[in-house]
Structures are given as structure tokens and as C-alpha cells.
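Enquirer: Data: model-v3.pdb, PDB, C-alpha atoms and all ligand atoms.
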```pdb
ATOM      1  CA  MET A 504       0.000   0.000   0.000
ATOM      2  CA  GLU A 505       2.899   2.289   0.824
ATOM      3  CA  ILE A 506       4.777   1.959  -2.465
ATOM      4  CA  PRO A 507       2.038   2.840  -4.990
ATOM      5  CA  ARG A 508       1.112   5.866  -2.958
ATOM      6  CA  ARG A 509       4.731   7.099  -3.035
ATOM      7  CA  SER A 510       4.996   6.584  -6.744
ATOM      8  CA  ASN A 511       1.693   8.389  -7.187
ATOM      9  CA  ASN A 512       3.074  11.250  -5.213
ATOM     10  CA  LEU A 513       6.224  11.254  -7.264
ATOM     11  CA  ALA A 514       4.212  11.239 -10.457
ATOM     12  CA  THR A 515       2.205  14.185  -9.216
ATOM     13  CA  LEU A 516       5.346  16.079  -8.274
ATOM     14  CA  GLU A 517       6.912  15.381 -11.642
ATOM     15  CA  GLY A 518       3.811  16.529 -13.490
ATOM     16  CA  CYS A 519       3.689  19.622 -11.395
ATOM     17  CA  LEU A 520       7.305  20.477 -12.152
ATOM     18  CA  MET A 521       6.766  19.918 -15.846
ATOM     19  CA  ARG A 522       3.692  22.082 -15.856
ATOM     20  CA  ARG A 523       5.556  24.786 -14.023
ATOM     21  CA  THR A 524       8.320  24.702 -16.602
ATOM     22  CA  ARG A 525       5.742  24.920 -19.345
ATOM     23  CA  TYR A 526       4.128  27.902 -17.643
ATOM     24  CA  ARG A 527       7.511  29.556 -17.338
ATOM     25  CA  TRP A 528       8.006  29.196 -21.101
ATOM     26  CA  LEU A 529       4.548  30.525 -21.732
ATOM     27  CA  LEU A 530       5.391  33.528 -19.576
ATOM     28  CA  VAL A 531       8.651  34.151 -21.432
ATOM     29  CA  ILE A 532       6.868  33.926 -24.801
ATOM     30  CA  THR A 533       4.070  36.235 -23.651
ATOM     31  CA  MET A 534       6.574  38.785 -22.371
ATOM     32  CA  ALA A 535       8.542  38.620 -25.618
ATOM     33  CA  LEU A 536       5.376  39.102 -27.681
ATOM     34  CA  THR A 537       4.279  42.025 -25.507
ATOM     35  CA  ALA A 538       7.693  43.643 -25.811
ATOM     36  CA  CYS A 539       7.714  43.225 -29.603
ATOM     37  CA  GLY A 540       4.134  44.402 -29.930
ATOM     38  CA  GLY A 541       4.915  47.451 -27.835
ATOM     39  CA  GLN A 542       7.279  48.742 -30.502
ATOM     40  CA  ASN A 543       4.571  48.864 -33.119
ATOM     41  CA  VAL A 544       1.724  50.186 -30.977
ATOM     42  CA  SER A 545       1.625  53.966 -30.548
ATOM     43  CA  PRO A 546       1.756  55.217 -26.930
ATOM     44  CA  ALA A 547      -1.527  55.406 -25.016
ATOM     45  CA  ALA A 548      -3.646  58.476 -25.763
ATOM     46  CA  PRO A 549      -2.900  61.324 -23.325
ATOM     47  CA  THR A 550      -5.485  61.690 -20.557
ATOM     48  CA  ASN A 551      -5.672  65.466 -21.015
ATOM     49  CA  SER A 552      -7.767  66.231 -24.073
ATOM     50  CA  TYR A 553      -8.518  69.939 -23.662
ATOM     51  CA  PRO A 554      -7.809  72.193 -26.641
ATOM     52  CA  THR A 555      -4.737  74.408 -26.769
ATOM     53  CA  LEU A 556      -5.156  78.146 -26.262
ATOM     54  CA  ASP A 557      -4.427  80.905 -28.763
ATOM     55  CA  PRO A 558      -1.625  83.125 -27.330
ATOM     56  CA  ALA A 559      -2.994  86.249 -29.093
ATOM     57  CA  GLN A 560      -6.405  85.680 -27.497
ATOM     58  CA  ILE A 561      -4.802  85.268 -24.054
ATOM     59  CA  THR A 562      -2.937  88.582 -24.480
ATOM     60  CA  GLN A 563      -6.124  90.362 -25.540
ATOM     61  CA  GLY A 564      -8.035  88.806 -22.648
ATOM     62  CA  ARG A 565      -5.403  89.880 -20.131
ATOM     63  CA  GLN A 566      -5.558  93.477 -21.424
ATOM     64  CA  VAL A 567      -9.350  93.677 -21.177
ATOM     65  CA  TYR A 568      -9.225  91.991 -17.769
ATOM     66  CA  VAL A 569      -6.752  94.556 -16.385
ATOM     67  CA  GLN A 570      -8.940  97.437 -17.626
ATOM     68  CA  ARG A 571     -12.344  96.115 -16.577
ATOM     69  CA  CYS A 572     -12.065  93.425 -13.937
ATOM     70  CA  ALA A 573      -8.806  93.795 -11.995
ATOM     71  CA  SER A 574     -10.174  96.540  -9.710
ATOM     72  CA  CYS A 575     -12.395  93.962  -7.999
ATOM     73  CA  HIS A 576     -10.794  90.586  -8.830
ATOM     74  CA  GLY A 577      -7.139  91.645  -8.331
ATOM     75  CA  PRO A 578      -4.439  92.573 -10.881
ATOM     76  CA  LYS A 579      -3.424  88.928 -11.397
ATOM     77  CA  ALA A 580      -6.896  87.464 -10.923
ATOM     78  CA  GLU A 581      -5.899  86.473  -7.392
ATOM     79  CA  GLY A 582      -9.202  87.753  -5.956
ATOM     80  CA  ALA A 583     -10.019  90.608  -3.605
ATOM     81  CA  PRO A 584      -8.111  90.589  -0.285
ATOM     82  CA  ASN A 585      -9.939  88.271   2.138
ATOM     83  CA  TRP A 586     -12.163  87.096  -0.679
ATOM     84  CA  ALA A 587     -13.027  83.944   1.263
ATOM     85  CA  THR A 588     -14.442  85.903   4.247
ATOM     86  CA  PRO A 589     -17.908  87.441   3.939
ATOM     87  CA  GLY A 590     -18.093  91.215   4.367
ATOM     88  CA  PRO A 591     -20.336  93.050   6.923
ATOM     89  CA  ASP A 592     -23.275  92.559   4.500
ATOM     90  CA  GLY A 593     -22.705  88.785   4.650
ATOM     91  CA  LEU A 594     -21.624  88.724   1.005
ATOM     92  CA  PHE A 595     -18.307  87.479  -0.320
ATOM     93  CA  PRO A 596     -15.842  89.869  -2.026
ATOM     94  CA  ALA A 597     -14.830  89.223  -5.660
ATOM     95  CA  PRO A 598     -13.281  85.723  -5.898
ATOM     96  CA  PRO A 599     -10.045  84.766  -7.716
ATOM     97  CA  HIS A 600     -10.035  83.377 -11.244
ATOM     98  CA  ASP A 601      -6.756  81.493 -10.875
ATOM     99  CA  ASP A 602      -6.415  77.966  -9.489
ATOM    100  CA  THR A 603      -7.283  79.072  -5.950
ATOM    101  CA  GLY A 604     -10.838  80.118  -6.882
ATOM    102  CA  HIS A 605     -13.751  78.189  -8.337
ATOM    103  CA  THR A 606     -13.942  79.772 -11.795
ATOM    104  CA  TRP A 607     -12.405  76.589 -13.232
ATOM    105  CA  HIS A 608     -15.329  74.542 -11.837
ATOM    106  CA  HIS A 609     -17.704  76.098 -14.383
ATOM    107  CA  SER A 610     -18.323  75.265 -18.027
ATOM    108  CA  ASP A 611     -17.586  77.762 -20.801
ATOM    109  CA  ARG A 612     -21.308  78.530 -21.026
ATOM    110  CA  VAL A 613     -21.674  79.294 -17.307
ATOM    111  CA  LEU A 614     -18.583  81.537 -17.342
ATOM    112  CA  TYR A 615     -19.721  83.335 -20.470
ATOM    113  CA  GLU A 616     -23.208  83.950 -19.089
ATOM    114  CA  SER A 617     -21.926  85.091 -15.665
ATOM    115  CA  ILE A 618     -19.738  87.707 -17.350
ATOM    116  CA  ARG A 619     -22.382  88.771 -19.879
ATOM    117  CA  ASP A 620     -25.303  88.965 -17.438
ATOM    118  CA  GLY A 621     -23.520  89.687 -14.129
ATOM    119  CA  MET A 622     -24.357  88.074 -10.807
ATOM    120  CA  ASN A 623     -26.320  88.966  -7.729
ATOM    121  CA  ASP A 624     -26.576  87.292  -4.371
ATOM    122  CA  PRO A 625     -27.881  83.838  -5.314
ATOM    123  CA  LEU A 626     -29.857  83.685  -2.053
ATOM    124  CA  ARG A 627     -31.681  86.962  -2.790
ATOM    125  CA  PRO A 628     -33.240  86.791  -6.254
ATOM    126  CA  GLY A 629     -33.746  90.255  -7.764
ATOM    127  CA  SER A 630     -31.127  91.880  -5.506
ATOM    128  CA  PRO A 631     -28.706  94.349  -7.169
ATOM    129  CA  LEU A 632     -25.884  92.891  -9.240
ATOM    130  CA  ARG A 633     -22.675  92.563  -7.251
ATOM    131  CA  MET A 634     -20.800  91.346 -10.264
ATOM    132  CA  PRO A 635     -21.627  93.860 -13.041
ATOM    133  CA  ALA A 636     -23.143  92.684 -16.366
ATOM    134  CA  TRP A 637     -20.683  93.192 -19.247
ATOM    135  CA  GLY A 638     -22.870  92.166 -22.179
ATOM    136  CA  SER A 639     -23.427  95.743 -23.403
ATOM    137  CA  THR A 640     -19.845  96.923 -22.741
ATOM    138  CA  LEU A 641     -17.706  94.051 -23.996
ATOM    139  CA  SER A 642     -17.903  92.290 -27.343
ATOM    140  CA  ASP A 643     -18.484  88.571 -27.574
ATOM    141  CA  GLY A 644     -14.835  88.168 -28.628
ATOM    142  CA  GLU A 645     -13.587  90.158 -25.629
ATOM    143  CA  ILE A 646     -15.571  87.979 -23.213
ATOM    144  CA  ARG A 647     -14.189  84.855 -24.841
ATOM    145  CA  ALA A 648     -10.655  86.300 -24.722
ATOM    146  CA  ILE A 649     -10.998  86.925 -20.963
ATOM    147  CA  ILE A 650     -12.111  83.312 -20.465
ATOM    148  CA  SER A 651      -9.038  82.178 -22.436
ATOM    149  CA  TYR A 652      -6.854  84.329 -20.199
ATOM    150  CA  PHE A 653      -8.399  82.646 -17.120
ATOM    151  CA  LYS A 654      -7.729  79.228 -18.646
ATOM    152  CA  SER A 655      -4.083  80.157 -19.172
ATOM    153  CA  LEU A 656      -3.772  80.511 -15.380
ATOM    154  CA  TRP A 657      -4.956  76.993 -14.563
ATOM    155  CA  LEU A 658      -3.122  73.770 -13.847
ATOM    156  CA  ALA A 659      -3.479  71.017 -16.439
ATOM    157  CA  GLU A 660      -5.792  69.000 -14.169
ATOM    158  CA  HIS A 661      -8.076  72.019 -13.650
ATOM    159  CA  ARG A 662      -8.122  72.737 -17.380
ATOM    160  CA  GLN A 663      -9.093  69.128 -17.991
ATOM    161  CA  TYR A 664     -11.856  69.292 -15.365
ATOM    162  CA  GLN A 665     -13.241  72.530 -16.842
ATOM    163  CA  TRP A 666     -13.095  71.069 -20.352
ATOM    164  CA  GLU A 667     -15.105  68.047 -19.221
ATOM    165  CA  GLU A 668     -17.657  70.351 -17.561
ATOM    166  CA  THR A 669     -17.937  72.204 -20.878
ATOM    167  CA  LEU A 670     -18.461  68.957 -22.799
ATOM    168  CA  LYS A 671     -21.048  67.751 -20.258
ATOM    169  CA  ASP A 672     -23.004  71.006 -20.390
ATOM    170  CA  PHE A 673     -26.369  70.115 -21.861
ATOM    171  CA  LYS A 674     -27.036  73.606 -23.223
ATOM    172  CA  PRO A 675     -25.168  74.771 -26.305
ATOM    173  CA  THR A 676     -22.143  76.782 -25.274
ATOM    174  CA  PRO A 677     -21.871  80.311 -26.636
ATOM    175  CA  THR A 678     -18.070  80.140 -26.345
ATOM    176  CA  PRO A 679     -16.688  77.703 -28.866
ATOM    177  CA  PRO A 680     -13.709  75.919 -27.350
ATOM    178  CA  SER A 681     -10.696  78.156 -27.840
TER
HETATM  179  C1  LIG B   1     -17.472  95.795  -8.973
HETATM  180  C2  LIG B   1     -16.629  94.637  -8.737
HETATM  181  C3  LIG B   1     -16.486  93.649  -9.875
HETATM  182  C4  LIG B   1     -16.008  93.863 -11.151
HETATM  183  C5  LIG B   1     -15.523  95.159 -11.770
HETATM  184  C6  LIG B   1     -16.018  92.574 -11.801
HETATM  185  N1  LIG B   1     -16.494  91.609 -10.962
HETATM  186 FE1  LIG B   1     -16.661  89.624 -11.351
HETATM  187  N2  LIG B   1     -17.481  89.323  -9.523
HETATM  188  C7  LIG B   1     -17.626  90.280  -8.546
HETATM  189  C8  LIG B   1     -18.206  89.682  -7.365
HETATM  190  C9  LIG B   1     -18.507  90.380  -6.049
HETATM  191  C10 LIG B   1     -18.421  88.334  -7.679
HETATM  192  C11 LIG B   1     -19.039  87.257  -6.772
HETATM  193  C12 LIG B   1     -20.537  87.290  -6.967
HETATM  194  C13 LIG B   1     -21.237  86.335  -6.039
HETATM  195  O1  LIG B   1     -20.676  85.295  -5.711
HETATM  196  O2  LIG B   1     -22.365  86.643  -5.682
HETATM  197  C14 LIG B   1     -17.946  88.132  -9.032
HETATM  198  C15 LIG B   1     -17.989  86.924  -9.702
HETATM  199  C16 LIG B   1     -17.452  86.712 -10.946
HETATM  200  C17 LIG B   1     -17.446  85.436 -11.629
HETATM  201  C18 LIG B   1     -18.008  84.123 -11.094
HETATM  202  C19 LIG B   1     -16.887  83.382 -10.427
HETATM  203  C20 LIG B   1     -17.289  82.029  -9.916
HETATM  204  O3  LIG B   1     -16.408  81.282  -9.534
HETATM  205  O4  LIG B   1     -18.491  81.701  -9.878
HETATM  206  C21 LIG B   1     -16.828  85.619 -12.838
HETATM  207  C22 LIG B   1     -16.570  84.577 -13.905
HETATM  208  C23 LIG B   1     -16.439  87.012 -12.888
HETATM  209  N3  LIG B   1     -16.835  87.636 -11.738
HETATM  210  C24 LIG B   1     -15.771  87.568 -13.949
HETATM  211  C25 LIG B   1     -15.539  88.937 -14.075
HETATM  212  C26 LIG B   1     -14.970  89.543 -15.239
HETATM  213  C27 LIG B   1     -14.500  88.796 -16.463
HETATM  214  C28 LIG B   1     -14.933  90.900 -15.026
HETATM  215  C29 LIG B   1     -14.470  91.967 -15.957
HETATM  216  C30 LIG B   1     -15.054  91.991 -17.272
HETATM  217  C31 LIG B   1     -15.461  91.123 -13.692
HETATM  218  N4  LIG B   1     -15.827  89.912 -13.139
HETATM  219  C32 LIG B   1     -15.574  92.363 -13.086
HETATM  220  C33 LIG B   1     -17.278  91.610  -8.634
HETATM  221  C34 LIG B   1     -16.789  92.235  -9.764
END
```
The structure in this file should be written as C-alpha cells.
Ligand code: HEC

Expert:
Amino acid sequence: MEIPRRSNNLATLEGCLMRRTRYRWLLVITMALTACGGQNVSPAAPTNSYPTLDPAQITQGRQVYVQRCASCHGPKAEGAPNWATPGPDGLFPAPPHDDTGHTWHHSDRVLYESIRDGMNDPLRPGSPLRMPAWGSTLSDGEIRAIISYFKSLWLAEHRQYQWEETLKDFKPTPTPPS
């Protein structure tokens, strides 16, 4: 009874070793194929898909921004001092448009409409505009140029986020991607 069991065990061990060797070869072949294939396959598509900006539009946007917006939002779009603390009226001062603010959270359409139509206290409908409406002062192109200038201030990951918000926006955007 002892002997057959041992030989069975040996047979099992042998088979196991052989299978292992075969697996090792399979692994080597797979790795070789992957390595060879890798030379012919183009690198994975970049995760950031947002469009590039037009430098002339950024320059124009910065100029209009300095003239019209910097008095409230800061010369470098860094926001009013203490912008994150509400004033005595309970309202927040003008926020930044760089990475530290939340301008990059909004789609092109939302940004365009906020600049064109202005903004009031969202909790008090009909209250006076705190952010002036620029639709009758600035041209469509100037508003779009300012948005491009804002985009030039953002980190790649924020640009990507804002681009995805723009693509997700269910309403047609009045600012074609720049
Ligand atoms: C008189 C001061 C003032 C001027 C000038 C001004 N803003 Fe504002 N802006 C504000 C205030 C205050 C808010 C915040 C409104 C709120 O949250 O209720 C704001 C909000 C905004 C927002 C929304 C930001 C966000 O994250 O939701 C945008 C975009 C913006 N301004 C762009 C501009 C641009 C572009 C100009 C120049 C063409 C400009 N602003 C000029 C005061 C101003």
C-alpha cells in the first residue's frame, strides 16, 4: 500500500514540475510578444484632451481683464483681499479666477453667461448685481478672450476638469472651445 502511494506522489510532483516549466516558457513567450508588440503600438492616448489656447487671445483677454475686472478681482486674478471671508453685508468679495478660486469649476457657457449677465446674491433673487453685467460693454470676442486668459492661469488637471464640464453642459455653449 505504501509503495504505490509514493509513486503516485512522485508522479504528481513530476507533473507539477513539468507544468511549471511549461508555464515559465509561456510567460517568457508572452513577455517577448508584448515587448515586440509594444514597438509597433503607438503610446496610449494622453489623458488630457482639452484644446490648446491661442496666445494672441490670451494677451487680448489679459488686457481687457486689467482694464475692466482687476479693480475687484485683483491685478493677477488672485481675488479681492480676504475674498473667502464674507463682508459686513454677509456677502463674499470678488473671488479669484486662478487655481485658488472656483472659476475653473464652471463650463464655458456658465462663465460666459456670468460675465455677460452679471451676478447677484444667489440667495436673494432680484437683488442688485454685485458682479456687473458686461454684455453691453464688452464684445463677444472680448468675453471669450478673458475666459481664455483665465484658462491660461490653470493647472493642467483644472483645465481638464473645466473642459469636461464644458463637454457635459447640456445647453449649447456660446463660447466655442478656444
Ligand atoms: C465691482 C466689482 C467687480 C467687477 C468690476 C467685476 N467683478 Fe466679477 N465678480 C464680482 C463679485 C462680487 C463676484 C461674486 C458674486 C457672487 O458670488 O455673488 C464676481 C464673480 C465673478 C465670476 C463668477 C466666479 C465664480 O467662480 O463663480 C466671474 C466669472 C467674474 N466675476 C468675472 C468677471 C470679469 C471677467 C470681469 C471683468 C469683465 C469682472 N468679473 C468684473 C465683482 C466684480

Enquirer: Using 5 Å of padding on each side, determine the axis-aligned box around all atoms of ligand LIG 1 (chain B) present in the file and give its centre and edge lengths in Å to one decimal, as AutoDock Vina command-line options.

Expert:
```
--center_x -18.4 --center_y 88.5 --center_z -11.5 --size_x 17.9 --size_y 24.5 --size_z 21.6
```

Enquirer: Hey, which residues come within 7 Å of ligand LIG 1 (chain B) if we count only C-alpha atoms and all ligand atoms? Could you give them as number ranges by chain?

Expert: A: 568, 571-576, 595-598, 600, 604-606, 614, 617-618, 622-625, 633-635, 637, 646, 649

Enquirer: For Tyr664 of chain A, work out the shell of residues within 10 Å, counting only C-alpha atoms and skipping chain neighbours fewer than 5 positions away, then give it as a short mmCIF file (atom, residue, chain, number, x, y, z; two decimals) with C-alpha atoms, in the coordinates of the input.

Expert:
```cif
data_model
loop_
_atom_site.label_atom_id
_atom_site.label_comp_id
_atom_site.auth_asym_id
_atom_site.auth_seq_id
_atom_site.Cartn_x
_atom_site.Cartn_y
_atom_site.Cartn_z
CA ASN A 551 -5.67 65.47 -21.02
CA TYR A 553 -8.52 69.94 -23.66
CA TRP A 607 -12.40 76.59 -13.23
CA HIS A 608 -15.33 74.54 -11.84
CA HIS A 609 -17.70 76.10 -14.38
CA SER A 610 -18.32 75.26 -18.03
CA LEU A 658 -3.12 73.77 -13.85
CA ALA A 659 -3.48 71.02 -16.44
CA THR A 669 -17.94 72.20 -20.88
CA LEU A 670 -18.46 68.96 -22.80
#
```

Enquirer: Which residues, written as number ranges by chain, have at least one atom at most 12 Å from Lys671 of chain A, with all atoms listed in the file counted and residues fewer than 4 positions away on the same chain left out?

Expert: A: 609-613, 664-667, 675-676

Enquirer: What's the separation between atom CA of Asn585 of chain A and atom CA of Gly629 of chain A, in Å to one decimal place?

Expert: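 Atom CA of Gly629 of chain A lies 25.9 Å from atom CA of Asn585 of chain A.
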
Enquirer: Would you mind telling me which residue in A:Ile561, A:Lys654, A:Pro628, A:Tyr615 lies nearest to Ser642 of chain A when using all atoms listed in the file?

Expert: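 The answer is A:Tyr615, which sits nearest to Ser642 of chain A.
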
Enquirer: Missing atoms in segment 620-635 of chain A should be modelled up to N, CA and C atoms and reported as a JSON list (two decimals), in the frame of the given file.

Expert:
```json
[["chain", "number", "residue", "atom", "x", "y", "z"],
["A", 620, "ASP", "N", -24.09, 88.55, -18.15],
["A", 620, "ASP", "CA", -25.30, 88.96, -17.44],
["A", 620, "ASP", "C", -25.03, 89.46, -16.02],
["A", 621, "GLY", "N", -23.82, 89.29, -15.50],
["A", 621, "GLY", "CA", -23.52, 89.69, -14.13],
["A", 621, "GLY", "C", -24.10, 88.70, -13.13],
["A", 622, "MET", "N", -23.86, 88.99, -11.85],
["A", 622, "MET", "CA", -24.36, 88.07, -10.81],
["A", 622, "MET", "C", -24.83, 88.88, -9.61],
["A", 623, "ASN", "N", -25.90, 88.38, -9.00],
["A", 623, "ASN", "CA", -26.32, 88.97, -7.73],
["A", 623, "ASN", "C", -26.22, 87.90, -6.64],
["A", 624, "ASP", "N", -26.62, 88.26, -5.46],
["A", 624, "ASP", "CA", -26.58, 87.29, -4.37],
["A", 624, "ASP", "C", -27.53, 86.15, -4.71],
["A", 625, "PRO", "N", -27.01, 84.94, -4.88],
["A", 625, "PRO", "CA", -27.88, 83.84, -5.31],
["A", 625, "PRO", "C", -29.01, 83.54, -4.32],
["A", 626, "LEU", "N", -28.82, 83.96, -3.06],
["A", 626, "LEU", "CA", -29.86, 83.68, -2.05],
["A", 626, "LEU", "C", -30.93, 84.77, -2.02],
["A", 627, "ARG", "N", -30.70, 85.87, -2.77],
["A", 627, "ARG", "CA", -31.68, 86.96, -2.79],
["A", 627, "ARG", "C", -32.02, 87.31, -4.23],
["A", 628, "PRO", "N", -32.91, 86.53, -4.85],
["A", 628, "PRO", "CA", -33.24, 86.79, -6.25],
["A", 628, "PRO", "C", -33.75, 88.22, -6.44],
["A", 629, "GLY", "N", -33.30, 88.90, -7.50],
["A", 629, "GLY", "CA", -33.75, 90.26, -7.76],
["A", 629, "GLY", "C", -32.91, 91.31, -7.05],
["A", 630, "SER", "N", -31.98, 90.90, -6.19],
["A", 630, "SER", "CA", -31.13, 91.88, -5.51],
["A", 630, "SER", "C", -30.15, 92.49, -6.51],
["A", 631, "PRO", "N", -29.59, 93.69, -6.20],
["A", 631, "PRO", "CA", -28.71, 94.35, -7.17],
["A", 631, "PRO", "C", -27.51, 93.47, -7.55],
["A", 632, "LEU", "N", -27.02, 93.68, -8.77],
["A", 632, "LEU", "CA", -25.88, 92.89, -9.24],
["A", 632, "LEU", "C", -24.64, 93.28, -8.46],
["A", 633, "ARG", "N", -23.95, 92.30, -7.93],
["A", 633, "ARG", "CA", -22.68, 92.56, -7.25],
["A", 633, "ARG", "C", -21.54, 92.41, -8.25],
["A", 634, "MET", "N", -21.73, 91.53, -9.15],
["A", 634, "MET", "CA", -20.80, 91.35, -10.26],
["A", 634, "MET", "C", -21.49, 92.00, -11.47],
["A", 635, "PRO", "N", -20.92, 93.13, -11.98],
["A", 635, "PRO", "CA", -21.63, 93.86, -13.04],
["A", 635, "PRO", "C", -21.85, 93.00, -14.29]]
```
